[in-house]
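Visitor: First, the structure itself, so that you have it in front of you.
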Amino acid sequence: MEPREYRFTYEVYNTLDELSVEDRELAMAAISAMEGSYAPYSGFNVGAALRLENGTIVKGANQENAAYPSGICAERTAMFSAGANYPDLAQRSIAVAASQNGILCASPASPCGACRQVMAQYQTKAGKPMSVILVGGERSYKFARVDDLLPFIFDNI
């Protein structure tokens, strides 16, 4: 047996004003994307905004359904929309914001495992890192690549 250690680095921002102009624009787009959320059961509204390599921003919001688990997360809504409408453009970065009962969560919400895997797939398809920004009211996090959220990515491409 040979013990190993996995480490990663991420950035913490106390306000959105500390983000670069490009990242702040994406974070604000994720916050505005929450308006498209349909969350009558949980009251947990999530918005995602995805920047493509040409600068286009694609938004998505979570969609709940009475026939659980037929709903879909905001992240996958944005990524699948981008994949369907812009199949030849790499997905460069994604921002995710969440609110509970209309109030932006103080701490960032973290993507579920299924969303992380879809992020990983699009990152692999692009052949370059996709950054991930998790937006919160009191602090936000930025990860340089999906691998930092999902080590040992499943990939059979």
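By order in the structure tokens, chains are A, B, ...; within a chain, residues start at 1; ligands start at 1, following the order shown.
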Report as a count of residues only all protein, DNA and RNA residues lying within 12 Å of range 126-128 of chain A, evaluated on only C-alpha atoms, omitting residues in the same chain fewer than 5 positions from it.
Guide: 18
Visitor: With only C-alpha atoms counted and 12 Å as the cut-off, give the residues of range 30-139 of chain A in contact with range 7-10 of chain A, each with its shortest interatomic distance in Å and the pair that gives it, as CSV.
Guide:
```
residue,atom,partner,partner_atom,distance
A:Ser131,CA,A:Tyr10,CA,10.3
A:Val132,CA,A:Tyr10,CA,9.8
A:Ile133,CA,A:Tyr10,CA,9.8
A:Leu134,CA,A:Tyr10,CA,10.8
```
Visitor: Please save N, CA, C and O atoms of the selected residues as a CSV table (one decimal), in the first residue's frame.
Guide:
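The result, stored in again.csv:
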```csv
chain,number,residue,atom,x,y,z
A,131,SER,N,-13.8,26.6,-15.2
A,131,SER,CA,-13.8,27.1,-13.8
A,131,SER,C,-15.2,27.1,-13.3
A,131,SER,O,-16.2,27.1,-14.0
A,132,VAL,N,-15.3,27.0,-12.0
A,132,VAL,CA,-16.6,26.9,-11.3
A,132,VAL,C,-16.6,28.0,-10.2
A,132,VAL,O,-15.7,28.0,-9.3
A,133,ILE,N,-17.7,28.8,-10.2
A,133,ILE,CA,-17.8,29.9,-9.2
A,133,ILE,C,-19.1,29.6,-8.5
A,133,ILE,O,-20.2,29.4,-9.1
A,134,LEU,N,-19.0,29.4,-7.2
A,134,LEU,CA,-20.1,29.1,-6.3
A,134,LEU,C,-20.4,30.4,-5.5
A,134,LEU,O,-19.6,30.9,-4.8
```
Visitor: Just how far from CA of Asn14 in chain A is CA of Ala39 in chain A, in Å to one decimal?
Guide: 27.7 Å
Visitor: Select from range 68-132 of chain A everything DSSP, run on the backbone, classes as strand (DSSP E), then give the selection as a list in words.
Guide: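 Going through range 68-132 of chain A, the strand (DSSP E) residues come out as Gln91, Arg92, Ser93, Ile94, Ala95, Val96, Ala97, Ala98, Ser99, Gln100, Ile103, Leu104, Ser131 and Val132 of chain A.
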Visitor: Restricting the calculation to only C-alpha atoms, which member of A:Gln63, A:Asn101, A:Ser70, A:Thr77 is positioned closest to Leu50 in chain A?
Guide: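 Closest candidate: A:Thr77.
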Visitor: Give me, as an NGL selection string, the residues of range 38-129 of chain A that a backbone DSSP run labels helix (DSSP H, G or I).
Guide: :A and (74-85 or 113-126)
